[in-house]
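These notes concern the structure reproduced below.
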Amino acid sequence: MRTFLFQGLVGLSEAMYLWMVAAGLSLIFGVLRVLNFAHGSLYMLGAYLTFYFFGLLGHNFWLGLVIGPVFVAGIGLLMERFFLRLVYRLEVAYQLLLTFAFVLIFNDLVKLIWGPIYQAPPMPPGLDSSLSILGQAYPLYNLFIILVGPLIALGLWFLLEKTRWGRLIVASASDREMASALGVNVPRLYTWVFMLGAWLAALGGALSIPIRPVSPGMGEIIIIEAFIVAVIGGLGSLKGAFIGAILIGLLHVYGVFYVPVFEMALAFILMAVVLILRPWGLFGTREA
Amino acid sequence: MELLRVEGLKKYFGEIHAVDGIDLKFEEGVFTSIIGPNGAGKTSFINLLTGRFFPDSGKIFFKGEDITRFPIHRRVKRGIGRSFQITNILPRLTVFENIAIPTLSRMNKSLNLLSRFKRLTSVRKSVEEILQTIGLLEKSMLPAAALSHGDQRLLEIGMALASNPTLLILDEPTAGMNPVERIHILKNIKQLSMEQKTTFLIVEHDMDVVFSLSDRIIVLHRGKVLADGRPEEIKEDPIVREVYLGDSPLTTTPRPSSLTLPVNEKQASDSGPPTTHKILELQSIDTFYGLSHILQGISLEVNQGEVACLLGRNGVGKTTTLRSIMGLTPPRSGVIRFKGQDISRKKPYEIALLGIGYVPDDRRIFPELTVRQNLEIAQWVIPSVQGGWDLSKVYTLFPKLKDLENQKGRHLSGGEQKMLAIGRALMANPTLLLLDEPSEGLSPLLVQILREAIQNIQREGVTILLADQNLNFARAVADHAFILEKGRIQYKGAMEELWKNEALVKKYLAI
């Protein structure tokens with residue numbers, strides 16, 4: 001039982017990275033109606049750039065954590081403004097092709113600049129110790145991550161439900177044309193939303209560097225899982241992304257622990273079951 | 001024989017008691033209309049019958065069977081068909097195909113490839129009969145998306161007819177339809193359905209339609225049955241007159257001439273001679289939807305402070321004209337001048353900032369925002385004007401909205417959404433207001449209120465360009481009229497002259 005609970009804690013911290021990527025993915029899909037396949041690459045860029053600024057700024061982890069994701073949000077601005085904006089009206093296939101092109105470009109850029117090898121992870125001072133929980137050593141940093149995830153969820157909820165800017169986003173997401181007829185500059189709003197999504201993914205990447213290897217392929221691994229999370233939770237639903245991330249995170253650790261041979265398949269099986277029973281996801285809205 | 005029975009039906013949405021204890025029996029072959037003020041629970045009631053959602057308590061029996069918890073598709077199988085207040089067609093398929101799908105499914109041949117040759121003729125005949133009935137035979141090869149709002153609704157009725165239901169439920173079937181066509185088409189539909197032994201249950205605001213077709217009328221008010229009886233009885237019922245029909249029938253009152261209106265002195269001194277100042281000017285506008293050439297050289301002017309009306313049958317380009325002005329479907333050629341400035345290449349939000357407000361025919365309320373947020377949205381992005389429109393002014397205009405202030409937009413009835421859409425546009429303090437089908441879907445009493453509201457809005461100095469199917473309503477509010485036919489302006493002039501010119505009305509507005 002103690003092992004079971006401890007594994008649960010491990011799973012929760014895993015889930016929070018997934019949540020940050022899936023949140024941006026779902027937000028962008030919910031508002032812009034674009035499936036951003038390059039979202040995993042933004043996660044990767046977040047990790048690399050934070051690592052880079054960490055080195056550049058005298059090994060200050062917190063400073064890197066602030067600057068890295070903001071830099072990636074800037075990259076998001078350019079992506080949306082000059083590329084994605086051109087394919088909103090086109091079919092989903094074009095959007096996937098375009099964003100997949102970004103995956104390839106970003107991967108090669110990262111290899112070109114930082115090389116194909118793993119980078120040595122820094123650990124922020126103050127969070128580098130462990131606690132004894134349920135009789136086992138649990139890294140303090142993981143606890144910090146478990147705290148950050150819900151804080152971000154709370155922040156997003158507040159932003160969308162309680163601020164005017166958030167209400168404009170919700171209105172534009174449900175009826176872009178009518179919002180613009182009421183004077184809302186929808187294209188500019190879309191740019192902001194995409195930047196917010198990019199920032200969230202990059203923040204996930206940045207927070208991952210102390211405990212996960214920074215490598216060129218890290219984006220692809222997480223984007224697949226984030227897609228599964230978003231689909232299970234319901235594309236466009238932030239609540240769904242949060243719950244979905246926790247489900248997949250827990251499934252992951254328990255799978256590794258109890259049925260290691262079968263672990264890889266579990267997430268896909270869960271997704272298949274959800275798609276059969278509730279094709280619009282656990283918290284998604286049914287298309288009329 | 002009893003076809004349908006409901007017992008103690010209740011459905012609440014938060015604080016809204018949409019359906020609040022209804023007991024009714026419906027006999028086979030009786031044409032029943034449900035009427036009532038906006039927000040009376042009419043749509044909620046029929047949504048319970050069709051299975052769109054389930055009641056909180058109470059039971060529904062169809063042909064003696066308890067169907068209270070049946071999902072939609074099982075009710076359809078039992079013989080309950082419906083059309084929707086919001087259209088539900090397959091936009092990429094042709095008109096013919098849209099009707100053919102339910103026809104095939106009814107004939108149970110949709111998967112039987114062997115019967116292909118035999119079925120072709122019988123299906124084609126059946127589809128064409130329906131198209132003839134709803135008056136869309138000539139448009140059978142057009143994609144459904146190319147039809148006007150009114151025609152799409154007709155198509156939807158056709159789809160419901162094609163499944164040959166025992167009970168056909170129609171929610172505001174004539175909304176968006178040409179008033180002169182309305183009764184004619186519904187009579188056709190009634191006749192066809194009598195042959196098929198279909199029982200009708202409709203929700204409708206057009207009293208001509210209701211009183212000429214119904215065998216029985218049920219009046220709902222605040223989720224309860226207020227009156228139930230034959231048309232003659234309902235017409236004379238004093239309570240019904242008070243809450244629904246109102247007293248002065250619209251048809252007898254022309255609009256008071258704008259010269260006799262009390263003119264706001266400040267407005268008058270600001271805007272100079274009101275009759276010569278053009279606020280909006282369209283010069284040979286051509287607008288396309290995909291490949292269809294909808295507007296073919298439209299030119300018109302609207303003077304500051306007046307109410308102008310676009311008239312014409314379904315699908316002649318009224319909505320497209322308004323959408324072109326707003327920049328939602330920009331014209332391919334031509335010039336649109338607003339206060340002297342060319343706006344034909346501007347984006348909708350820039351046009352909104354310049355002072356044009358837009359109320360679409362299908363309301364387009366933001367479903368996830370509260371009534372208050374829907375109203376406030378324009379003021380978050382457009383700087384407010386001293387002494388201009390604010391929440392309290394809109395609530396004075398439509399007191400019902402005040403009571404619904406904290407409800408989400410999606411919980412509002414069709415008529416309430418209409419009021420909200422008008423209020424929402426006013427909150428941006430437009431100098432020109434584009435109103436698409438403002439009187440559609442409103443109860444007679446509300447149409448009167450709206451008529452007064454439009455006069456009040458005009459008195460505030462707002463210029464109005466509206467498109468409406470309802471000639472009586474247009475006459476009551478408009479100074480000038482434009483008649484559209486096939487994407488061209490066929491008449492422009494004073495409203496009263498048009499009213500007196502029977503030949504003109506017959507040629508362009510009647511069937």
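For the structure tokens, the naming scheme is as follows: chains receive sequential letters (A, B, ...) according to their order of presentation, residues are indexed from 1 within each chain, and ligands are indexed from 1 in presentation order.
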
Exercise. Output as a PyMOL selection string the set of chain B residues within 6 Å of chain A, with distances taken over only C-alpha atoms.
Key: chain B and resi 348-349+352-353+366+378

Within 12 Å of stretch 22-39 of chain A, which residues of stretch 170-208 of chain A come that close, and what is the closest atom pair and distance in Å for each? Count only C-alpha atoms and give it as CSV.
```
residue,atom,partner,partner_atom,distance
A:Val170,CA,A:Val31,CA,7.5
A:Ala171,CA,A:Val31,CA,9.3
A:Ser172,CA,A:Val31,CA,7.2
A:Ala173,CA,A:Val31,CA,4.4
A:Ser174,CA,A:Val31,CA,7.8
A:Asp175,CA,A:Val31,CA,9.7
A:Arg176,CA,A:Val31,CA,9.0
A:Val186,CA,A:Leu32,CA,10.0
A:Pro187,CA,A:Leu32,CA,9.5
A:Arg188,CA,A:Leu32,CA,11.5
A:Leu189,CA,A:Val31,CA,9.6
A:Tyr190,CA,A:Leu32,CA,6.4
A:Thr191,CA,A:Leu32,CA,9.2
A:Trp192,CA,A:Ile28,CA,10.2
A:Val193,CA,A:Ile28,CA,6.7
A:Phe194,CA,A:Ile28,CA,6.0
A:Met195,CA,A:Gly24,CA,9.2
A:Leu196,CA,A:Gly24,CA,7.2
A:Gly197,CA,A:Gly24,CA,3.8
A:Ala198,CA,A:Gly24,CA,6.5
A:Trp199,CA,A:Gly24,CA,8.0
A:Leu200,CA,A:Gly24,CA,5.8
A:Ala201,CA,A:Gly24,CA,6.2
A:Ala202,CA,A:His39,CA,9.0
A:Leu203,CA,A:Gly24,CA,10.5
A:Gly204,CA,A:Ala22,CA,9.9
A:Gly205,CA,A:His39,CA,10.8
```

### Query
To one decimal place, how far is atom CA of A:Leu77 from atom CA of A:Leu98 in Å?
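Distance reported for this atom pair: 15.5 Å.
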
Q) Which of these residues is nearest to B:Leu155, using only C-alpha atoms: B:Met194, B:Ala100, B:Ile202, B:Val6? A)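 Looking at the shortest contact to B:Leu155, the residue is B:Ala100.
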
Notebook entry, point to check: In Å, with one decimal, what is the gap from atom CA of A:Trp157 to atom CA of B:His17?
Noted result: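 So the two atoms, atom CA of A:Trp157 and atom CA of B:His17, lie 29.3 Å apart.
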
Using only C-alpha atoms, which residues sit within 12 Å of stretch 230-242 of chain B once same-chain residues fewer than 4 positions away are excluded, as a PyMOL selection string?
chain B and resi 30-37+207-221+225-226+246-249+443-446

Using C-alpha atoms, can you export the residues from the last selection as a short mmCIF file (atom, residue, chain, number, x, y, z; two decimals), in the first residue's frame?
```
data_model
loop_
_atom_site.label_atom_id
_atom_site.label_comp_id
_atom_site.auth_asym_id
_atom_site.auth_seq_id
_atom_site.Cartn_x
_atom_site.Cartn_y
_atom_site.Cartn_z
CA VAL B 30 -54.99 17.38 -34.65
CA PHE B 31 -52.92 20.36 -35.76
CA THR B 32 -51.75 22.01 -32.53
CA SER B 33 -49.88 25.30 -32.14
CA ILE B 34 -48.00 26.29 -29.02
CA ILE B 35 -47.73 30.04 -28.51
CA GLY B 36 -46.61 32.23 -25.66
CA PRO B 37 -44.35 35.13 -24.73
CA MET B 207 -50.54 34.73 -35.62
CA ASP B 208 -51.84 34.55 -39.20
CA VAL B 209 -50.23 31.16 -39.53
CA VAL B 210 -51.36 30.01 -36.10
CA PHE B 211 -54.98 31.07 -36.46
CA SER B 212 -55.45 29.91 -40.03
CA LEU B 213 -53.96 26.43 -39.62
CA SER B 214 -54.50 25.27 -36.06
CA ASP B 215 -57.24 23.03 -34.75
CA ARG B 216 -56.05 23.67 -31.23
CA ILE B 217 -53.88 26.34 -29.59
CA ILE B 218 -51.99 25.99 -26.33
CA VAL B 219 -50.65 29.14 -24.65
CA LEU B 220 -47.65 28.71 -22.38
CA HIS B 221 -46.58 31.32 -19.86
CA VAL B 225 -50.26 26.15 -19.52
CA LEU B 226 -52.07 29.48 -19.49
CA GLY B 246 -51.11 42.78 -27.07
CA ASP B 247 -53.85 45.24 -27.94
CA SER B 248 -53.18 47.32 -31.01
CA PRO B 249 -52.66 45.07 -34.02
CA SER B 443 -44.13 37.41 -29.94
CA PRO B 444 -46.65 40.00 -31.21
CA LEU B 445 -46.37 41.87 -27.93
CA LEU B 446 -42.59 41.96 -28.17
#
```

Exercise. Would you mind writing down, as a PyMOL selection string, each residue of stretch 392-470 of chain B that DSSP on the backbone assigns to alpha helix (DSSP H)?
Key: chain B and resi 392-397+399-403+414-426+444-459

With N, CA and C atoms retained, export the selected residues as a tab-separated table (two decimals), in the first residue's frame.
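What follows is the written file out22.tsv:
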```tsv
chain	number	residue	atom	x	y	z
B	392	SER	N	-27.79	50.10	-17.84
B	392	SER	CA	-29.11	50.48	-17.32
B	392	SER	C	-30.02	50.94	-18.46
B	393	LYS	N	-29.45	51.57	-19.47
B	393	LYS	CA	-30.29	52.00	-20.60
B	393	LYS	C	-30.82	50.79	-21.39
B	394	VAL	N	-29.95	49.79	-21.57
B	394	VAL	CA	-30.39	48.59	-22.29
B	394	VAL	C	-31.44	47.85	-21.46
B	395	TYR	N	-31.24	47.81	-20.14
B	395	TYR	CA	-32.22	47.14	-19.28
B	395	TYR	C	-33.56	47.87	-19.27
B	396	THR	N	-33.52	49.18	-19.44
B	396	THR	CA	-34.77	49.92	-19.52
B	396	THR	C	-35.50	49.55	-20.81
B	397	LEU	N	-34.71	49.38	-21.87
B	397	LEU	CA	-35.28	49.02	-23.17
B	397	LEU	C	-35.86	47.60	-23.13
B	399	PRO	N	-36.48	45.09	-20.21
B	399	PRO	CA	-36.40	44.77	-18.78
B	399	PRO	C	-36.14	43.28	-18.51
B	400	LYS	N	-36.58	42.44	-19.42
B	400	LYS	CA	-36.38	40.99	-19.24
B	400	LYS	C	-34.90	40.64	-19.08
B	401	LEU	N	-34.05	41.38	-19.78
B	401	LEU	CA	-32.62	41.08	-19.73
B	401	LEU	C	-32.05	41.32	-18.34
B	402	LYS	N	-32.62	42.26	-17.64
B	402	LYS	CA	-32.15	42.57	-16.28
B	402	LYS	C	-32.33	41.35	-15.37
B	403	ASP	N	-33.51	40.69	-15.51
B	403	ASP	CA	-33.77	39.50	-14.68
B	403	ASP	C	-32.83	38.36	-15.03
B	414	GLY	N	-35.00	31.76	-27.71
B	414	GLY	CA	-34.71	32.44	-28.96
B	414	GLY	C	-35.03	33.93	-28.91
B	415	GLY	N	-36.20	34.27	-28.40
B	415	GLY	CA	-36.60	35.67	-28.37
B	415	GLY	C	-35.74	36.50	-27.42
B	416	GLU	N	-35.37	35.89	-26.29
B	416	GLU	CA	-34.51	36.60	-25.35
B	416	GLU	C	-33.14	36.86	-25.97
B	417	GLN	N	-32.65	35.88	-26.74
B	417	GLN	CA	-31.37	36.07	-27.43
B	417	GLN	C	-31.45	37.21	-28.43
B	418	LYS	N	-32.63	37.34	-29.06
B	418	LYS	CA	-32.82	38.42	-30.02
B	418	LYS	C	-32.66	39.78	-29.32
B	419	MET	N	-33.33	39.92	-28.18
B	419	MET	CA	-33.22	41.18	-27.43
B	419	MET	C	-31.78	41.42	-27.02
B	420	LEU	N	-31.12	40.35	-26.59
B	420	LEU	CA	-29.74	40.48	-26.13
B	420	LEU	C	-28.84	40.91	-27.30
B	421	ALA	N	-29.09	40.34	-28.48
B	421	ALA	CA	-28.26	40.69	-29.64
B	421	ALA	C	-28.41	42.17	-29.98
B	422	ILE	N	-29.63	42.70	-29.85
B	422	ILE	CA	-29.85	44.12	-30.15
B	422	ILE	C	-29.17	44.97	-29.07
B	423	GLY	N	-29.36	44.58	-27.81
B	423	GLY	CA	-28.74	45.32	-26.72
B	423	GLY	C	-27.22	45.31	-26.83
B	424	ARG	N	-26.68	44.15	-27.18
B	424	ARG	CA	-25.23	44.00	-27.30
B	424	ARG	C	-24.66	44.95	-28.36
B	425	ALA	N	-25.37	45.07	-29.48
B	425	ALA	CA	-24.90	45.97	-30.53
B	425	ALA	C	-24.98	47.43	-30.08
B	426	LEU	N	-26.05	47.77	-29.35
B	426	LEU	CA	-26.22	49.15	-28.91
B	426	LEU	C	-25.12	49.59	-27.95
B	444	PRO	N	-46.03	38.74	-30.75
B	444	PRO	CA	-46.65	40.00	-31.21
B	444	PRO	C	-46.46	41.14	-30.22
B	445	LEU	N	-46.55	40.82	-28.93
B	445	LEU	CA	-46.37	41.87	-27.93
B	445	LEU	C	-44.95	42.43	-27.97
B	446	LEU	N	-43.98	41.51	-28.12
B	446	LEU	CA	-42.59	41.96	-28.17
B	446	LEU	C	-42.29	42.72	-29.46
B	447	VAL	N	-42.97	42.35	-30.53
B	447	VAL	CA	-42.78	43.08	-31.78
B	447	VAL	C	-43.20	44.53	-31.58
B	448	GLN	N	-44.29	44.72	-30.84
B	448	GLN	CA	-44.72	46.09	-30.53
B	448	GLN	C	-43.67	46.83	-29.71
B	449	ILE	N	-43.13	46.11	-28.70
B	449	ILE	CA	-42.10	46.73	-27.86
B	449	ILE	C	-40.89	47.07	-28.71
B	450	LEU	N	-40.53	46.15	-29.60
B	450	LEU	CA	-39.36	46.37	-30.46
B	450	LEU	C	-39.58	47.57	-31.37
B	451	ARG	N	-40.81	47.68	-31.87
B	451	ARG	CA	-41.12	48.80	-32.74
B	451	ARG	C	-40.89	50.12	-32.00
B	452	GLU	N	-41.37	50.16	-30.76
B	452	GLU	CA	-41.14	51.36	-29.96
B	452	GLU	C	-39.66	51.54	-29.66
B	453	ALA	N	-38.99	50.40	-29.41
B	453	ALA	CA	-37.56	50.47	-29.11
B	453	ALA	C	-36.79	51.06	-30.29
B	454	ILE	N	-37.14	50.63	-31.49
B	454	ILE	CA	-36.45	51.15	-32.67
B	454	ILE	C	-36.68	52.64	-32.80
B	455	GLN	N	-37.90	53.08	-32.51
B	455	GLN	CA	-38.16	54.52	-32.57
B	455	GLN	C	-37.35	55.27	-31.51
B	456	ASN	N	-37.23	54.64	-30.33
B	456	ASN	CA	-36.41	55.27	-29.28
B	456	ASN	C	-34.95	55.34	-29.68
B	457	ILE	N	-34.48	54.23	-30.26
B	457	ILE	CA	-33.07	54.19	-30.68
B	457	ILE	C	-32.82	55.28	-31.72
B	458	GLN	N	-33.77	55.42	-32.63
B	458	GLN	CA	-33.64	56.44	-33.67
B	458	GLN	C	-33.63	57.84	-33.04
B	459	ARG	N	-34.45	58.00	-32.04
B	459	ARG	CA	-34.51	59.30	-31.37
B	459	ARG	C	-33.19	59.64	-30.68
```
